[in-house]
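Just below is one structure, and these are the notes that go with it.
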Amino acid sequence: MRTYILILLILFSNQSTAQYIQAEYKVEIGYPQGFTLDYIGKYFTSGTKSVEYLLPLYLDKYPSGSLTLNDKLYAVPTDTVQRYSVVDVDSGIVKIATEYGNEYYTFENNFLLWEVFPEIRNIDGLNCQRAQWRGRKDGIVLGEVWFATDIPVVAGFKQLIGIPGLIVELKYGNDYTAKLISYEITSEISPEVFEPKVFNQKRIKFIGHFKNDMTTEPLKEKKPEKKRQSYSDILNQ
């Protein structure tokens, strides 16, 4: 009887984690120069993989790809799809398409140091719990989330691996916030979402391996390579 109950629990856990979810977030990113850019964040998960990318909302406001602040001119990214990333928990690989080119890093389970607190909030009808993640070397709090306890995921928005539920609110440092706008639990997501053409370029740069202990740090990132194609061009090929 105990074995039977254990098997049921395992099956239930696997089915809960394997559900397909797609969600949208309102994202604000502040830059050290003093301006903030707004985005819609798109998020998908298939149980063992998660995908996210940003859709900029400022392109009509800055059609030339630049803005002026305090008599200084600053360039802003003009791609219609930005920072497409794929997290594969089974293989321990994260791929990211940046404006400078493709890159990836590898990770071990539990490399993010999470602390889950007992505080509970109801946010737009979802039962949510507070959690923080910290730097393993210095223990400094890097960010905070409120996650939905009834909607399990393997990796959350902004590549937050190990968070137990769908992220509803997120604050990363003093310059990155995300808030859930909508979500849908669905029976299927197109495989192309998890294997986009943007990663078909020959060159992809390795930027480090993240271990789950405090003695190892990721490799330092090299200077970005010269941009060859925009995300829009690649995705529409």
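Numbering starts fresh at 1 for the residues of each chain in the structure tokens, the chains themselves are lettered A, B, ... in the order given, and ligands are numbered from 1 as they appear.
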Contact residues around Glu195 (chain A) with only C-alpha atoms at 12 Å, ignoring same-chain residues under 5 positions, as a ChimeraX atom specification
/A:49-52,84-88,95-96,189-190,200,235
Secondary structure check, helix (DSSP H, G or I) residues of region 135-227 of chain A, as a CSV table (one decimal) with C-alpha atoms, in the first residue's frame:
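Result written to out-v3.csv:
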chain,number,residue,atom,x,y,z
A,157,PHE,CA,10.5,33.9,-16.0
A,158,LYS,CA,14.0,35.5,-16.3
A,159,GLN,CA,15.6,32.0,-16.3
A,191,PRO,CA,7.8,22.8,-30.8
A,192,GLU,CA,9.2,25.8,-32.8
A,193,VAL,CA,8.8,27.9,-29.7
A,194,PHE,CA,11.4,25.8,-27.9
A,197,LYS,CA,15.6,29.6,-35.8
A,198,VAL,CA,17.5,32.3,-34.0
A,199,PHE,CA,19.8,29.5,-32.6
A,200,ASN,CA,20.6,28.0,-36.0
With distances taken over only C-alpha atoms, which residue among A:Val154, A:Val81, A:Val27, A:Leu37 lies nearest Lys61 (chain A)?
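Result for the nearest residue to Lys61 (chain A): A:Leu37.
Residues surrounding Asp38 (chain A) within 9 Å are Lys26, Val27, Glu28, Ile29, Gly30, Leu55, Pro56, Leu57 and Tyr58 of chain A [only C-alpha atoms; sequence separation below 3 positions excluded].
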I need the residues of region 56-206 of chain A that end up classed as strand (DSSP E or B) by DSSP on the backbone, written out as a VMD selection string.
chain A and resid 56 66 to 69 72 to 75 82 to 88 93 to 98 101 to 107 113 to 123 126 to 134 141 to 152 155 to 156 160 to 161 165 to 172 176 to 186 204 to 206
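Counting from CA of Asn122 (chain A), the distance to CA of Ala23 (chain A) is 18.1 Å.
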Rank A:Asp124, A:Glu144, A:Glu188, A:Asp71 by their smallest atom-to-atom distance to Tyr176 (chain A), using only C-alpha atoms, and report the top residue only.
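Selected residue with least distance to Tyr176 (chain A): A:Glu144.
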Nearest residue to Gln22 (chain A) from the set A:Trp114, A:Tyr53, A:Tyr104, A:Trp133 (distances using only C-alpha atoms):
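For Gln22 (chain A), the nearest of the given residues is A:Tyr53.
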Exercise: Lys72 (chain A) partners within 12 Å, only C-alpha atoms, chain neighbours under 3 positions left out, as a PDB file with N, CA and C atoms, in the first residue's frame:
ATOM      1  N   GLN A  33      21.976  54.960 -17.008  1.00  0.00           N
ATOM      2  CA  GLN A  33      22.001  56.326 -17.526  1.00  0.00           C
ATOM      3  C   GLN A  33      20.808  57.147 -17.047  1.00  0.00           C
ATOM      4  N   GLY A  34      19.778  56.475 -16.481  1.00  0.00           N
ATOM      5  CA  GLY A  34      18.660  57.213 -15.913  1.00  0.00           C
ATOM      6  C   GLY A  34      17.338  57.074 -16.636  1.00  0.00           C
ATOM      7  N   PHE A  35      17.238  56.192 -17.635  1.00  0.00           N
ATOM      8  CA  PHE A  35      15.963  56.009 -18.330  1.00  0.00           C
ATOM      9  C   PHE A  35      15.467  54.572 -18.142  1.00  0.00           C
ATOM     10  N   SER A  66      17.301  55.764 -30.744  1.00  0.00           N
ATOM     11  CA  SER A  66      18.074  56.547 -29.779  1.00  0.00           C
ATOM     12  C   SER A  66      17.136  57.464 -29.002  1.00  0.00           C
ATOM     13  N   LEU A  67      17.596  57.893 -27.841  1.00  0.00           N
ATOM     14  CA  LEU A  67      16.844  58.853 -27.036  1.00  0.00           C
ATOM     15  C   LEU A  67      17.811  59.872 -26.451  1.00  0.00           C
ATOM     16  N   THR A  68      17.278  61.031 -26.122  1.00  0.00           N
ATOM     17  CA  THR A  68      18.087  62.100 -25.548  1.00  0.00           C
ATOM     18  C   THR A  68      17.671  62.327 -24.103  1.00  0.00           C
ATOM     19  N   LEU A  69      18.658  62.358 -23.216  1.00  0.00           N
ATOM     20  CA  LEU A  69      18.405  62.591 -21.801  1.00  0.00           C
ATOM     21  C   LEU A  69      19.524  63.456 -21.255  1.00  0.00           C
ATOM     22  N   ALA A  75      21.770  55.121 -27.358  1.00  0.00           N
ATOM     23  CA  ALA A  75      21.191  54.136 -28.267  1.00  0.00           C
ATOM     24  C   ALA A  75      20.326  53.155 -27.484  1.00  0.00           C
TER      25      ALA A  75
END
Minimum-distance residue to Pro32 (chain A), chosen among A:Arg121, A:Gln129, A:Ile207, A:Tyr74 (using only C-alpha atoms)
A:Tyr74
